[in-house]
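Chemist: One file: run.pdb (PDB, N, CA and C atoms).
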```pdb
MODEL        1
ATOM      1  N   MET A1299     -19.617  19.924  19.697
ATOM      2  CA  MET A1299     -19.348  20.322  18.337
ATOM      3  C   MET A1299     -17.969  19.786  17.943
ATOM      4  N   THR A1300     -17.913  19.181  16.798
ATOM      5  CA  THR A1300     -16.640  18.668  16.316
ATOM      6  C   THR A1300     -16.160  19.530  15.161
ATOM      7  N   THR A1301     -14.869  19.643  15.062
ATOM      8  CA  THR A1301     -14.307  20.377  13.940
ATOM      9  C   THR A1301     -13.591  19.390  13.034
ATOM     10  N   GLN A1302     -13.677  19.646  11.775
ATOM     11  CA  GLN A1302     -13.035  18.783  10.797
ATOM     12  C   GLN A1302     -11.692  19.390  10.425
ATOM     13  N   THR A1303     -10.657  18.580  10.520
ATOM     14  CA  THR A1303      -9.341  19.073  10.137
ATOM     15  C   THR A1303      -9.068  18.679   8.697
ATOM     16  N   GLU A1304      -8.397  19.531   8.006
ATOM     17  CA  GLU A1304      -8.081  19.277   6.606
ATOM     18  C   GLU A1304      -6.710  18.612   6.506
ATOM     19  N   THR A1305      -6.647  17.545   5.765
ATOM     20  CA  THR A1305      -5.380  16.858   5.558
ATOM     21  C   THR A1305      -4.735  17.411   4.295
ATOM     22  N   ARG A1306      -3.502  17.810   4.432
ATOM     23  CA  ARG A1306      -2.785  18.379   3.290
ATOM     24  C   ARG A1306      -2.378  17.273   2.322
ATOM     25  N   PRO A1307      -2.304  17.613   1.037
ATOM     26  CA  PRO A1307      -1.919  16.610   0.032
ATOM     27  C   PRO A1307      -0.565  15.953   0.336
ATOM     28  N   GLN A1308       0.366  16.722   0.895
ATOM     29  CA  GLN A1308       1.677  16.151   1.221
ATOM     30  C   GLN A1308       1.542  15.040   2.266
ATOM     31  N   GLU A1309       0.661  15.258   3.242
ATOM     32  CA  GLU A1309       0.440  14.249   4.283
ATOM     33  C   GLU A1309      -0.202  12.999   3.696
ATOM     34  N   ILE A1310      -1.158  13.206   2.810
ATOM     35  CA  ILE A1310      -1.816  12.070   2.159
ATOM     36  C   ILE A1310      -0.794  11.288   1.339
ATOM     37  N   ALA A1311       0.030  11.997   0.596
ATOM     38  CA  ALA A1311       1.046  11.333  -0.231
ATOM     39  C   ALA A1311       2.006  10.534   0.632
ATOM     40  N   ALA A1312       2.461  11.114   1.737
ATOM     41  CA  ALA A1312       3.406  10.419   2.616
ATOM     42  C   ALA A1312       2.778   9.174   3.235
ATOM     43  N   GLN A1313       1.539   9.299   3.697
ATOM     44  CA  GLN A1313       0.857   8.154   4.302
ATOM     45  C   GLN A1313       0.598   7.060   3.273
ATOM     46  N   ALA A1314       0.172   7.448   2.086
ATOM     47  CA  ALA A1314      -0.106   6.457   1.040
ATOM     48  C   ALA A1314       1.174   5.766   0.591
ATOM     49  N   LEU A1315       2.260   6.518   0.484
ATOM     50  CA  LEU A1315       3.531   5.914   0.099
ATOM     51  C   LEU A1315       4.006   4.921   1.162
ATOM     52  N   ALA A1316       3.829   5.261   2.421
ATOM     53  CA  ALA A1316       4.203   4.340   3.506
ATOM     54  C   ALA A1316       3.389   3.046   3.421
ATOM     55  N   LYS A1317       2.095   3.169   3.130
ATOM     56  CA  LYS A1317       1.253   1.975   2.974
ATOM     57  C   LYS A1317       1.681   1.155   1.757
ATOM     58  N   ALA A1318       2.027   1.823   0.672
ATOM     59  CA  ALA A1318       2.475   1.118  -0.533
ATOM     60  C   ALA A1318       3.714   0.286  -0.220
ATOM     61  N   VAL A1319       4.646   0.873   0.501
ATOM     62  CA  VAL A1319       5.867   0.147   0.871
ATOM     63  C   VAL A1319       5.534  -1.019   1.802
ATOM     64  N   GLU A1320       4.640  -0.789   2.745
ATOM     65  CA  GLU A1320       4.242  -1.852   3.677
ATOM     66  C   GLU A1320       3.665  -3.054   2.930
ATOM     67  N   TYR A1321       2.747  -2.792   2.015
ATOM     68  CA  TYR A1321       2.124  -3.896   1.279
ATOM     69  C   TYR A1321       3.092  -4.548   0.295
ATOM     70  N   ALA A1322       3.966  -3.772  -0.290
ATOM     71  CA  ALA A1322       4.979  -4.364  -1.173
ATOM     72  C   ALA A1322       5.909  -5.282  -0.378
ATOM     73  N   ASP A1323       6.264  -4.870   0.837
ATOM     74  CA  ASP A1323       7.092  -5.717   1.696
ATOM     75  C   ASP A1323       6.379  -7.014   2.064
ATOM     76  N   ARG A1324       5.085  -6.916   2.343
ATOM     77  CA  ARG A1324       4.313  -8.131   2.664
ATOM     78  C   ARG A1324       4.303  -9.087   1.468
ATOM     79  N   ALA A1325       4.068  -8.554   0.287
ATOM     80  CA  ALA A1325       4.067  -9.391  -0.913
ATOM     81  C   ALA A1325       5.433 -10.042  -1.092
ATOM     82  N   ASP A1326       6.482  -9.267  -0.874
ATOM     83  CA  ASP A1326       7.842  -9.780  -1.022
ATOM     84  C   ASP A1326       8.135 -10.910  -0.042
ATOM     85  N   ARG A1327       7.624 -10.794   1.169
ATOM     86  CA  ARG A1327       7.830 -11.874   2.157
ATOM     87  C   ARG A1327       7.198 -13.174   1.678
ATOM     88  N   TYR A1328       6.011 -13.088   1.082
ATOM     89  CA  TYR A1328       5.369 -14.297   0.572
ATOM     90  C   TYR A1328       6.133 -14.865  -0.616
ATOM     91  N   VAL A1329       6.685 -14.002  -1.442
ATOM     92  CA  VAL A1329       7.471 -14.469  -2.589
ATOM     93  C   VAL A1329       8.687 -15.250  -2.101
ATOM     94  N   LYS A1330       9.262 -14.826  -0.997
ATOM     95  CA  LYS A1330      10.492 -15.437  -0.493
ATOM     96  C   LYS A1330      10.266 -16.636   0.421
ATOM     97  N   LEU A1331       9.031 -17.084   0.573
ATOM     98  CA  LEU A1331       8.767 -18.262   1.402
ATOM     99  C   LEU A1331       9.472 -19.482   0.838
ATOM    100  N   ASP A1332       9.896 -20.348   1.715
ATOM    101  CA  ASP A1332      10.604 -21.554   1.289
ATOM    102  C   ASP A1332       9.666 -22.674   0.853
ATOM    103  N   ARG A1333       8.386 -22.479   0.992
ATOM    104  CA  ARG A1333       7.455 -23.536   0.578
ATOM    105  C   ARG A1333       6.967 -23.285  -0.840
ATOM    106  N   HIS A1334       6.333 -24.285  -1.410
ATOM    107  CA  HIS A1334       5.850 -24.148  -2.780
ATOM    108  C   HIS A1334       4.698 -23.137  -2.829
ATOM    109  N   PHE A1335       4.472 -22.605  -3.997
ATOM    110  CA  PHE A1335       3.423 -21.614  -4.169
ATOM    111  C   PHE A1335       2.086 -22.310  -4.366
ATOM    112  N   ASP A1336       1.308 -22.334  -3.315
ATOM    113  CA  ASP A1336      -0.026 -22.882  -3.437
ATOM    114  C   ASP A1336      -1.009 -21.735  -3.695
ATOM    115  N   GLU A1337      -2.265 -22.054  -3.730
ATOM    116  CA  GLU A1337      -3.277 -21.047  -4.032
ATOM    117  C   GLU A1337      -3.308 -19.945  -2.973
ATOM    118  N   PHE A1338      -3.103 -20.313  -1.708
ATOM    119  CA  PHE A1338      -3.108 -19.333  -0.625
ATOM    120  C   PHE A1338      -1.990 -18.319  -0.801
ATOM    121  N   VAL A1339      -0.781 -18.801  -1.031
ATOM    122  CA  VAL A1339       0.374 -17.914  -1.180
ATOM    123  C   VAL A1339       0.203 -17.031  -2.413
ATOM    124  N   SER A1340      -0.215 -17.611  -3.502
ATOM    125  CA  SER A1340      -0.407 -16.840  -4.733
ATOM    126  C   SER A1340      -1.453 -15.744  -4.556
ATOM    127  N   SER A1341      -2.532 -16.058  -3.845
ATOM    128  CA  SER A1341      -3.576 -15.052  -3.639
ATOM    129  C   SER A1341      -3.085 -13.924  -2.744
ATOM    130  N   ARG A1342      -2.262 -14.251  -1.771
ATOM    131  CA  ARG A1342      -1.696 -13.204  -0.899
ATOM    132  C   ARG A1342      -0.760 -12.288  -1.677
ATOM    133  N   ILE A1343       0.070 -12.866  -2.509
ATOM    134  CA  ILE A1343       0.990 -12.065  -3.318
ATOM    135  C   ILE A1343       0.201 -11.128  -4.225
ATOM    136  N   THR A1344      -0.840 -11.649  -4.851
ATOM    137  CA  THR A1344      -1.674 -10.840  -5.734
ATOM    138  C   THR A1344      -2.376  -9.735  -4.973
ATOM    139  N   ALA A1345      -2.944 -10.063  -3.823
ATOM    140  CA  ALA A1345      -3.676  -9.067  -3.034
ATOM    141  C   ALA A1345      -2.752  -7.961  -2.535
ATOM    142  N   TYR A1346      -1.639  -8.343  -1.932
ATOM    143  CA  TYR A1346      -0.725  -7.335  -1.396
ATOM    144  C   TYR A1346      -0.068  -6.521  -2.512
ATOM    145  N   GLY A1347       0.245  -7.155  -3.604
ATOM    146  CA  GLY A1347       0.794  -6.417  -4.743
ATOM    147  C   GLY A1347      -0.210  -5.413  -5.294
ATOM    148  N   GLY A1348      -1.464  -5.825  -5.351
ATOM    149  CA  GLY A1348      -2.514  -4.923  -5.817
ATOM    150  C   GLY A1348      -2.713  -3.743  -4.885
ATOM    151  N   LEU A1349      -2.712  -4.006  -3.581
ATOM    152  CA  LEU A1349      -2.845  -2.918  -2.611
ATOM    153  C   LEU A1349      -1.662  -1.959  -2.696
ATOM    154  N   ALA A1350      -0.473  -2.497  -2.869
ATOM    155  CA  ALA A1350       0.711  -1.643  -3.008
ATOM    156  C   ALA A1350       0.567  -0.739  -4.226
ATOM    157  N   THR A1351       0.053  -1.275  -5.313
ATOM    158  CA  THR A1351      -0.146  -0.486  -6.531
ATOM    159  C   THR A1351      -1.173   0.623  -6.317
ATOM    160  N   VAL A1352      -2.276   0.287  -5.672
ATOM    161  CA  VAL A1352      -3.317   1.288  -5.420
ATOM    162  C   VAL A1352      -2.773   2.421  -4.549
ATOM    163  N   TYR A1353      -2.104   2.063  -3.468
ATOM    164  CA  TYR A1353      -1.564   3.100  -2.588
ATOM    165  C   TYR A1353      -0.488   3.931  -3.284
ATOM    166  N   ALA A1354       0.296   3.321  -4.143
ATOM    167  CA  ALA A1354       1.305   4.075  -4.890
ATOM    168  C   ALA A1354       0.633   5.080  -5.827
ATOM    169  N   GLU A1355      -0.463   4.689  -6.441
ATOM    170  CA  GLU A1355      -1.200   5.603  -7.312
ATOM    171  C   GLU A1355      -1.821   6.751  -6.517
ATOM    172  N   VAL A1356      -2.330   6.463  -5.324
ATOM    173  CA  VAL A1356      -2.874   7.514  -4.464
ATOM    174  C   VAL A1356      -1.762   8.487  -4.081
ATOM    175  N   ALA A1357      -0.599   7.958  -3.728
ATOM    176  CA  ALA A1357       0.536   8.807  -3.367
ATOM    177  C   ALA A1357       0.938   9.685  -4.542
ATOM    178  N   LYS A1358       0.948   9.103  -5.716
ATOM    179  CA  LYS A1358       1.319   9.852  -6.922
ATOM    180  C   LYS A1358       0.319  10.981  -7.196
ATOM    181  N   ALA A1359      -0.957  10.688  -7.067
ATOM    182  CA  ALA A1359      -1.990  11.695  -7.303
ATOM    183  C   ALA A1359      -1.926  12.810  -6.254
ATOM    184  N   ALA A1360      -1.746  12.432  -5.006
ATOM    185  CA  ALA A1360      -1.665  13.442  -3.944
ATOM    186  C   ALA A1360      -0.424  14.312  -4.114
ATOM    187  N   ALA A1361       0.662  13.720  -4.545
ATOM    188  CA  ALA A1361       1.872  14.510  -4.789
ATOM    189  C   ALA A1361       1.650  15.491  -5.935
ATOM    190  N   ALA A1362       0.936  15.053  -6.956
ATOM    191  CA  ALA A1362       0.633  15.945  -8.076
ATOM    192  C   ALA A1362      -0.232  17.121  -7.625
ATOM    193  N   VAL A1363      -1.202  16.842  -6.767
ATOM    194  CA  VAL A1363      -2.047  17.916  -6.236
ATOM    195  C   VAL A1363      -1.199  18.862  -5.387
ATOM    196  N   ALA A1364      -0.290  18.311  -4.618
ATOM    197  CA  ALA A1364       0.542  19.127  -3.732
ATOM    198  C   ALA A1364       1.406  20.125  -4.514
ATOM    199  N   VAL A1365       1.861  19.717  -5.671
ATOM    200  CA  VAL A1365       2.692  20.628  -6.465
ATOM    201  C   VAL A1365       1.890  21.388  -7.515
ATOM    202  N   GLY A1366       0.590  21.104  -7.557
ATOM    203  CA  GLY A1366      -0.293  21.856  -8.448
ATOM    204  C   GLY A1366      -0.303  21.417  -9.885
ATOM    205  N   THR A1367       0.033  20.153 -10.145
ATOM    206  CA  THR A1367       0.043  19.675 -11.528
ATOM    207  C   THR A1367      -1.106  18.746 -11.845
ATOM    208  N   ALA A1368      -2.025  18.580 -10.910
ATOM    209  CA  ALA A1368      -3.145  17.659 -11.150
ATOM    210  C   ALA A1368      -4.239  18.323 -11.949
TER
ENDMDL
END
```
Reformat the file's structure so that it appears as C-alpha cells.
Modeler:
Amino acid sequence: MTTQTETRPQEIAAQALAKAVEYADRADRYVKLDRHFDEFVSSRITAYGGLATVYAEVAKAAAAVAVGTA
C-alpha cells in the first residue's frame, strides 16, 4: 500500500521559482555566447526563456494559494 503525500503550496512555489531561475540562467548563457546567433542558439534562448516564464507563473500562483489570495 502506498500513501500519497501532499505537497504544500510553499514547497511548490519554492521548487518552481528555483526552476525558473535555472532556465533563465540557461537562456542567459546562450545570450552571452561569443558566436553569432544562429537558428540553434535562438531556439534555445526562446525555449529556456519560455520555460522560465512558465515556472515563474507557477511559483506566483502557488505563492498566492499559500497566502490565500488565489
Chemist: Using DSSP on the backbone coordinates, identify all residues within chain A classified as alpha helix (DSSP H); present the result as a PyMOL selection string.
Modeler: chain A and resi 1307-1329+1337-1365
Chemist: What does the distance between atom CA of Glu1309 of chain A and atom CA of Gly1347 of chain A come to in Å, to one decimal place?
Modeler: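 So the answer is 22.6 Å.
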Chemist: Got a sec to resolve the PyMOL selection byres ((chain A and resi 1349) around 8) on this structure and send the residues as a JSON list (two decimals) with N, CA and C atoms, keeping the file's coordinate frame?
Modeler:
```
[["chain", "number", "residue", "atom", "x", "y", "z"],
["A", 1317, "LYS", "N", 2.10, 3.17, 3.13],
["A", 1317, "LYS", "CA", 1.25, 1.98, 2.97],
["A", 1317, "LYS", "C", 1.68, 1.16, 1.76],
["A", 1318, "ALA", "N", 2.03, 1.82, 0.67],
["A", 1318, "ALA", "CA", 2.48, 1.12, -0.53],
["A", 1318, "ALA", "C", 3.71, 0.29, -0.22],
["A", 1319, "VAL", "N", 4.65, 0.87, 0.50],
["A", 1319, "VAL", "CA", 5.87, 0.15, 0.87],
["A", 1319, "VAL", "C", 5.53, -1.02, 1.80],
["A", 1320, "GLU", "N", 4.64, -0.79, 2.74],
["A", 1320, "GLU", "CA", 4.24, -1.85, 3.68],
["A", 1320, "GLU", "C", 3.66, -3.05, 2.93],
["A", 1321, "TYR", "N", 2.75, -2.79, 2.02],
["A", 1321, "TYR", "CA", 2.12, -3.90, 1.28],
["A", 1321, "TYR", "C", 3.09, -4.55, 0.30],
["A", 1322, "ALA", "N", 3.97, -3.77, -0.29],
["A", 1322, "ALA", "CA", 4.98, -4.36, -1.17],
["A", 1322, "ALA", "C", 5.91, -5.28, -0.38],
["A", 1343, "ILE", "N", 0.07, -12.87, -2.51],
["A", 1343, "ILE", "CA", 0.99, -12.06, -3.32],
["A", 1343, "ILE", "C", 0.20, -11.13, -4.22],
["A", 1344, "THR", "N", -0.84, -11.65, -4.85],
["A", 1344, "THR", "CA", -1.67, -10.84, -5.73],
["A", 1344, "THR", "C", -2.38, -9.74, -4.97],
["A", 1345, "ALA", "N", -2.94, -10.06, -3.82],
["A", 1345, "ALA", "CA", -3.68, -9.07, -3.03],
["A", 1345, "ALA", "C", -2.75, -7.96, -2.54],
["A", 1346, "TYR", "N", -1.64, -8.34, -1.93],
["A", 1346, "TYR", "CA", -0.72, -7.34, -1.40],
["A", 1346, "TYR", "C", -0.07, -6.52, -2.51],
["A", 1347, "GLY", "N", 0.24, -7.16, -3.60],
["A", 1347, "GLY", "CA", 0.79, -6.42, -4.74],
["A", 1347, "GLY", "C", -0.21, -5.41, -5.29],
["A", 1348, "GLY", "N", -1.46, -5.82, -5.35],
["A", 1348, "GLY", "CA", -2.51, -4.92, -5.82],
["A", 1348, "GLY", "C", -2.71, -3.74, -4.88],
["A", 1350, "ALA", "N", -0.47, -2.50, -2.87],
["A", 1350, "ALA", "CA", 0.71, -1.64, -3.01],
["A", 1350, "ALA", "C", 0.57, -0.74, -4.23],
["A", 1351, "THR", "N", 0.05, -1.27, -5.31],
["A", 1351, "THR", "CA", -0.15, -0.49, -6.53],
["A", 1351, "THR", "C", -1.17, 0.62, -6.32],
["A", 1352, "VAL", "N", -2.28, 0.29, -5.67],
["A", 1352, "VAL", "CA", -3.32, 1.29, -5.42],
["A", 1352, "VAL", "C", -2.77, 2.42, -4.55],
["A", 1353, "TYR", "N", -2.10, 2.06, -3.47],
["A", 1353, "TYR", "CA", -1.56, 3.10, -2.59],
["A", 1353, "TYR", "C", -0.49, 3.93, -3.28],
["A", 1354, "ALA", "N", 0.30, 3.32, -4.14],
["A", 1354, "ALA", "CA", 1.30, 4.08, -4.89],
["A", 1354, "ALA", "C", 0.63, 5.08, -5.83],
["A", 1355, "GLU", "N", -0.46, 4.69, -6.44],
["A", 1355, "GLU", "CA", -1.20, 5.60, -7.31],
["A", 1355, "GLU", "C", -1.82, 6.75, -6.52]]
```
Chemist: Please, what distance in Å, to one decimal, runs between atom C of Leu1315 of chain A and atom CA of Phe1338 of chain A?
Modeler: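 Interatomic distance, atom C of Leu1315 of chain A to atom CA of Phe1338 of chain A: 25.3 Å.
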Chemist: Between atom CA of Val1356 of chain A and atom CA of Ile1310 of chain A, measure the distance and give it in Å to one decimal.
Modeler: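 Here the two named atoms are 8.1 Å from each other.
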Chemist: For segment 1349-1361 of chain A, supply N, CA, C and O atoms and report the output as a PDB file, keeping the file's coordinate frame.
Modeler:
```pdb
ATOM      1  N   LEU A1349      -2.712  -4.006  -3.581  1.00  0.00           N
ATOM      2  CA  LEU A1349      -2.845  -2.918  -2.611  1.00  0.00           C
ATOM      3  C   LEU A1349      -1.662  -1.959  -2.696  1.00  0.00           C
ATOM      4  O   LEU A1349      -1.834  -0.734  -2.604  1.00  0.00           O
ATOM      5  N   ALA A1350      -0.473  -2.497  -2.869  1.00  0.00           N
ATOM      6  CA  ALA A1350       0.711  -1.643  -3.008  1.00  0.00           C
ATOM      7  C   ALA A1350       0.567  -0.739  -4.226  1.00  0.00           C
ATOM      8  O   ALA A1350       0.885   0.457  -4.163  1.00  0.00           O
ATOM      9  N   THR A1351       0.053  -1.275  -5.313  1.00  0.00           N
ATOM     10  CA  THR A1351      -0.146  -0.486  -6.531  1.00  0.00           C
ATOM     11  C   THR A1351      -1.173   0.623  -6.317  1.00  0.00           C
ATOM     12  O   THR A1351      -0.959   1.770  -6.724  1.00  0.00           O
ATOM     13  N   VAL A1352      -2.276   0.287  -5.672  1.00  0.00           N
ATOM     14  CA  VAL A1352      -3.317   1.288  -5.420  1.00  0.00           C
ATOM     15  C   VAL A1352      -2.773   2.421  -4.549  1.00  0.00           C
ATOM     16  O   VAL A1352      -2.966   3.605  -4.859  1.00  0.00           O
ATOM     17  N   TYR A1353      -2.104   2.063  -3.468  1.00  0.00           N
ATOM     18  CA  TYR A1353      -1.564   3.100  -2.588  1.00  0.00           C
ATOM     19  C   TYR A1353      -0.488   3.931  -3.284  1.00  0.00           C
ATOM     20  O   TYR A1353      -0.379   5.137  -3.047  1.00  0.00           O
ATOM     21  N   ALA A1354       0.296   3.321  -4.143  1.00  0.00           N
ATOM     22  CA  ALA A1354       1.305   4.075  -4.890  1.00  0.00           C
ATOM     23  C   ALA A1354       0.633   5.080  -5.827  1.00  0.00           C
ATOM     24  O   ALA A1354       1.107   6.219  -5.967  1.00  0.00           O
ATOM     25  N   GLU A1355      -0.463   4.689  -6.441  1.00  0.00           N
ATOM     26  CA  GLU A1355      -1.200   5.603  -7.312  1.00  0.00           C
ATOM     27  C   GLU A1355      -1.821   6.751  -6.517  1.00  0.00           C
ATOM     28  O   GLU A1355      -1.844   7.893  -6.973  1.00  0.00           O
ATOM     29  N   VAL A1356      -2.330   6.463  -5.324  1.00  0.00           N
ATOM     30  CA  VAL A1356      -2.874   7.514  -4.464  1.00  0.00           C
ATOM     31  C   VAL A1356      -1.762   8.487  -4.081  1.00  0.00           C
ATOM     32  O   VAL A1356      -1.950   9.708  -4.119  1.00  0.00           O
ATOM     33  N   ALA A1357      -0.599   7.958  -3.728  1.00  0.00           N
ATOM     34  CA  ALA A1357       0.536   8.807  -3.367  1.00  0.00           C
ATOM     35  C   ALA A1357       0.938   9.685  -4.542  1.00  0.00           C
ATOM     36  O   ALA A1357       1.211  10.884  -4.377  1.00  0.00           O
ATOM     37  N   LYS A1358       0.948   9.103  -5.716  1.00  0.00           N
ATOM     38  CA  LYS A1358       1.319   9.852  -6.922  1.00  0.00           C
ATOM     39  C   LYS A1358       0.319  10.981  -7.196  1.00  0.00           C
ATOM     40  O   LYS A1358       0.712  12.117  -7.495  1.00  0.00           O
ATOM     41  N   ALA A1359      -0.957  10.688  -7.067  1.00  0.00           N
ATOM     42  CA  ALA A1359      -1.990  11.695  -7.303  1.00  0.00           C
ATOM     43  C   ALA A1359      -1.926  12.810  -6.254  1.00  0.00           C
ATOM     44  O   ALA A1359      -2.034  13.996  -6.590  1.00  0.00           O
ATOM     45  N   ALA A1360      -1.746  12.432  -5.006  1.00  0.00           N
ATOM     46  CA  ALA A1360      -1.665  13.442  -3.944  1.00  0.00           C
ATOM     47  C   ALA A1360      -0.424  14.312  -4.114  1.00  0.00           C
ATOM     48  O   ALA A1360      -0.479  15.528  -3.878  1.00  0.00           O
ATOM     49  N   ALA A1361       0.662  13.720  -4.545  1.00  0.00           N
ATOM     50  CA  ALA A1361       1.872  14.510  -4.789  1.00  0.00           C
ATOM     51  C   ALA A1361       1.650  15.491  -5.935  1.00  0.00           C
ATOM     52  O   ALA A1361       2.110  16.635  -5.875  1.00  0.00           O
TER      53      ALA A1361
END
```
